[in-house]
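Undergrad: Contents of model05.pdb (PDB, C-alpha atoms):
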ATOM      1  CA  MET A1357    -108.919  42.768   2.265
ATOM      2  CA  ALA A1358    -107.591  44.118   5.554
ATOM      3  CA  ALA A1359    -105.887  47.480   5.654
ATOM      4  CA  GLY A1360    -102.133  47.299   6.064
ATOM      5  CA  ALA A1361    -100.127  49.209   8.651
ATOM      6  CA  PRO A1362     -99.296  52.183   6.362
ATOM      7  CA  THR A1363    -102.964  52.582   5.391
ATOM      8  CA  ARG A1364    -104.065  52.312   9.011
ATOM      9  CA  THR A1365    -101.424  54.837  10.079
ATOM     10  CA  LEU A1366    -102.527  57.351   7.433
ATOM     11  CA  ARG A1367    -106.187  56.858   8.365
ATOM     12  CA  ASP A1368    -105.429  57.360  12.070
ATOM     13  CA  TRP A1369    -103.365  60.481  11.317
ATOM     14  CA  THR A1370    -106.169  61.890   9.138
ATOM     15  CA  ASN A1371    -108.766  61.209  11.856
ATOM     16  CA  ARG A1372    -106.650  62.878  14.562
ATOM     17  CA  ILE A1373    -106.019  66.006  12.489
ATOM     18  CA  ALA A1374    -109.689  66.209  11.395
ATOM     19  CA  HIS A1375    -110.748  65.956  15.038
ATOM     20  CA  ALA A1376    -108.319  68.749  15.993
ATOM     21  CA  LEU A1377    -109.585  70.945  13.148
ATOM     22  CA  VAL A1378    -113.148  70.602  14.424
ATOM     23  CA  GLU A1379    -112.551  70.657  18.183
ATOM     24  CA  ASP A1380    -109.572  73.007  18.475
ATOM     25  CA  PHE A1381    -110.038  75.300  15.469
ATOM     26  CA  GLY A1382    -113.831  75.258  15.080
ATOM     27  CA  VAL A1383    -113.866  74.105  11.457
ATOM     28  CA  LYS A1384    -117.414  73.476  10.291
ATOM     29  CA  PRO A1385    -118.725  71.880   7.084
ATOM     30  CA  GLY A1386    -118.408  74.349   4.241
ATOM     31  CA  ASN A1387    -115.545  76.352   5.806
ATOM     32  CA  ARG A1388    -112.582  76.844   3.523
ATOM     33  CA  VAL A1389    -109.123  75.719   4.611
ATOM     34  CA  LEU A1390    -106.008  76.794   2.726
ATOM     35  CA  VAL A1391    -103.361  74.112   2.193
ATOM     36  CA  ARG A1392     -99.955  75.544   1.403
ATOM     37  CA  SER A1393     -97.214  73.043   0.708
ATOM     38  CA  ALA A1394     -94.502  72.148  -1.747
ATOM     39  CA  ASN A1395     -95.514  70.394  -4.958
ATOM     40  CA  ASN A1396     -94.841  66.829  -3.923
ATOM     41  CA  PRO A1397     -96.816  63.645  -3.187
ATOM     42  CA  ARG A1398     -97.157  64.615   0.487
ATOM     43  CA  MET A1399     -99.339  67.600  -0.405
ATOM     44  CA  SER A1400    -102.380  65.504  -1.260
ATOM     45  CA  PRO A1401    -102.800  63.900   2.175
ATOM     46  CA  ALA A1402    -102.418  67.316   3.824
ATOM     47  CA  GLY A1403    -105.916  68.257   2.702
ATOM     48  CA  TRP A1404    -107.602  64.975   3.641
ATOM     49  CA  PRO A1405    -108.262  65.889   7.298
ATOM     50  CA  ALA A1406    -109.943  69.152   6.288
ATOM     51  CA  THR A1407    -112.085  67.293   3.754
ATOM     52  CA  LYS A1408    -112.988  64.713   6.376
ATOM     53  CA  ALA A1409    -114.074  67.567   8.665
ATOM     54  CA  GLY A1410    -116.380  68.802   5.883
ATOM     55  CA  ALA A1411    -114.274  71.773   4.842
ATOM     56  CA  VAL A1412    -113.509  72.875   1.299
ATOM     57  CA  VAL A1413    -109.773  72.607   0.671
ATOM     58  CA  VAL A1414    -108.093  75.390  -1.291
ATOM     59  CA  ASN A1415    -104.653  74.283  -2.494
ATOM     60  CA  THR A1416    -102.138  76.934  -3.485
ATOM     61  CA  MET A1417     -98.878  76.888  -5.385
ATOM     62  CA  PRO A1418     -95.753  77.321  -3.253
ATOM     63  CA  MET A1419     -94.455  80.110  -5.490
ATOM     64  CA  LEU A1420     -97.295  82.526  -4.653
ATOM     65  CA  ARG A1421     -96.278  85.627  -2.714
ATOM     66  CA  ALA A1422     -98.145  87.239   0.180
ATOM     67  CA  GLY A1423    -100.076  89.695  -2.000
ATOM     68  CA  GLU A1424    -101.215  86.944  -4.356
ATOM     69  CA  LEU A1425    -102.217  84.708  -1.449
ATOM     70  CA  ALA A1426    -104.138  87.550   0.171
ATOM     71  CA  LYS A1427    -106.383  87.865  -2.898
ATOM     72  CA  ILE A1428    -107.190  84.143  -2.787
ATOM     73  CA  VAL A1429    -107.750  84.169   0.980
ATOM     74  CA  ASP A1430    -110.075  87.157   0.881
ATOM     75  CA  LYS A1431    -112.054  86.010  -2.157
ATOM     76  CA  ALA A1432    -112.646  82.540  -0.645
ATOM     77  CA  GLU A1433    -113.039  83.903   2.911
ATOM     78  CA  ILE A1434    -110.474  81.443   4.281
ATOM     79  CA  ALA A1435    -110.058  81.564   8.062
ATOM     80  CA  LEU A1436    -107.529  78.738   8.577
ATOM     81  CA  ALA A1437    -104.390  77.684   6.715
ATOM     82  CA  LEU A1438    -102.409  74.470   6.957
ATOM     83  CA  CYS A1439     -98.942  75.541   5.905
ATOM     84  CA  ASP A1440     -95.611  73.810   5.383
ATOM     85  CA  THR A1441     -93.228  75.576   7.785
ATOM     86  CA  ARG A1442     -90.757  76.139   4.937
ATOM     87  CA  LEU A1443     -93.332  78.407   3.264
ATOM     88  CA  MET A1444     -94.390  80.461   6.283
ATOM     89  CA  ASP A1445     -92.522  83.621   5.159
ATOM     90  CA  ALA A1446     -94.874  84.144   2.218
ATOM     91  CA  GLY A1447     -97.824  83.459   4.516
ATOM     92  CA  GLY A1448     -97.626  87.059   5.675
ATOM     93  CA  CYS A1449    -100.982  87.660   4.024
ATOM     94  CA  ALA A1450    -102.593  86.844   7.384
ATOM     95  CA  LYS A1451    -101.458  90.190   8.790
ATOM     96  CA  ASN A1452    -103.779  92.201   6.564
ATOM     97  CA  SER A1453    -106.561  89.692   5.918
ATOM     98  CA  ARG A1454    -110.068  90.213   7.237
ATOM     99  CA  PHE A1455    -110.583  86.454   7.222
ATOM    100  CA  LEU A1456    -107.365  84.460   7.782
ATOM    101  CA  LYS A1457    -106.754  84.276  11.525
ATOM    102  CA  ARG A1458    -104.715  81.091  11.950
TER     103      ARG A1458
END
Please, can you express the file's structure as structure tokens?
TA:
Amino acid sequence: MAAGAPTRTLRDWTNRIAHALVEDFGVKPGNRVLVRSANNPRMSPAGWPATKAGAVVVNTMPMLRAGELAKIVDKAEIALALCDTRLMDAGGCAKNSRFLKR
């Protein structure tokens, strides 16, 4: 069965983001990538590009505050976060993290 347009579009989007994660952000297999998004069906595909790049995806709840996120980031040694722009305020854990740089 041939893939329909929505499936092809999602696959192309995933491939483009995975390529950017590897080429532009230096993600390597085994790296951990934080995915921070609202609890909705769109959250699942947000981690697919990181998985395709070989990274380990760490999903977080949107209600976590900066201090709580910082503990997760430091324990998992996460260097990169994919974050819904509506949740960027609580992403302030990057300021004090030894690991999270982007």
Undergrad: To one decimal in Å, tell me the separation between atom CA of Ala1435 of chain A and atom CA of Val1391 of chain A.
TA: 11.6 Å
Undergrad: Nearest to Pro1405 of chain A among A:Met1419, A:Ile1373, A:Leu1436, A:Leu1456, with distances taken over only C-alpha atoms: which residue is it?
TA: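 Smallest distance to Pro1405 of chain A is found for A:Ile1373.
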Undergrad: Between atom CA of Phe1381 of chain A and atom CA of Pro1362 of chain A, what is the distance, to one decimal in Å?
TA: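 So the answer is 27.1 Å.
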Undergrad: Need to verify the contact set: Ala1409 of chain A, 12 Å, only C-alpha atoms, exclusion of same-chain residues closer than 3 positions in sequence. Can you return it as a PyMOL selection string?
TA: chain A and resi 1370-1379+1381-1389+1403-1406+1412-1413
Undergrad: Suppose you want the space between atom CA of Arg1458 of chain A and atom CA of Ala1437 of chain A; what is it in Å?
TA: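 Distance between the two atoms: 6.3 Å.
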Undergrad: Which is closest to Arg1367 of chain A among A:Pro1401, A:Asn1395, A:Val1414, A:Lys1427, if we use all atoms listed in the file?
TA: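 Going through A:Pro1401, A:Asn1395, A:Val1414, A:Lys1427 one by one, the smallest distance to Arg1367 of chain A is for A:Pro1401.
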Undergrad: Near Ser1393 of chain A, within 10 Å and counting only C-alpha atoms, which residues show up once chain neighbours fewer than 4 positions away are dropped, as an MDAnalysis selection string?
TA: chainID A and resid 1398:1400 1402 1415:1419 1438:1444
Undergrad: Draw an axis-aligned box over all listed atoms of segment 1420-1433 of chain A, pad each side with 3 Å, and write its centre and edge lengths in Å, one decimal, as AutoDock Vina command-line options.
TA:
--center_x -104.7 --center_y 86.1 --center_z -0.9 --size_x 22.8 --size_y 13.2 --size_z 13.6
Undergrad: Using only C-alpha atoms, pick whichever of A:Trp1369, A:Ile1434, A:Val1429, A:Ala1422 has the shortest atom-to-atom distance to Lys1408 of chain A.
TA: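 Looking at the shortest contact to Lys1408 of chain A, the residue is A:Trp1369.
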Undergrad: Which residue gives the smallest distance to Leu1425 of chain A among A:Ala1411, A:Leu1390, A:Ala1361, A:Leu1366, with only C-alpha atoms counted?
TA: A:Leu1390
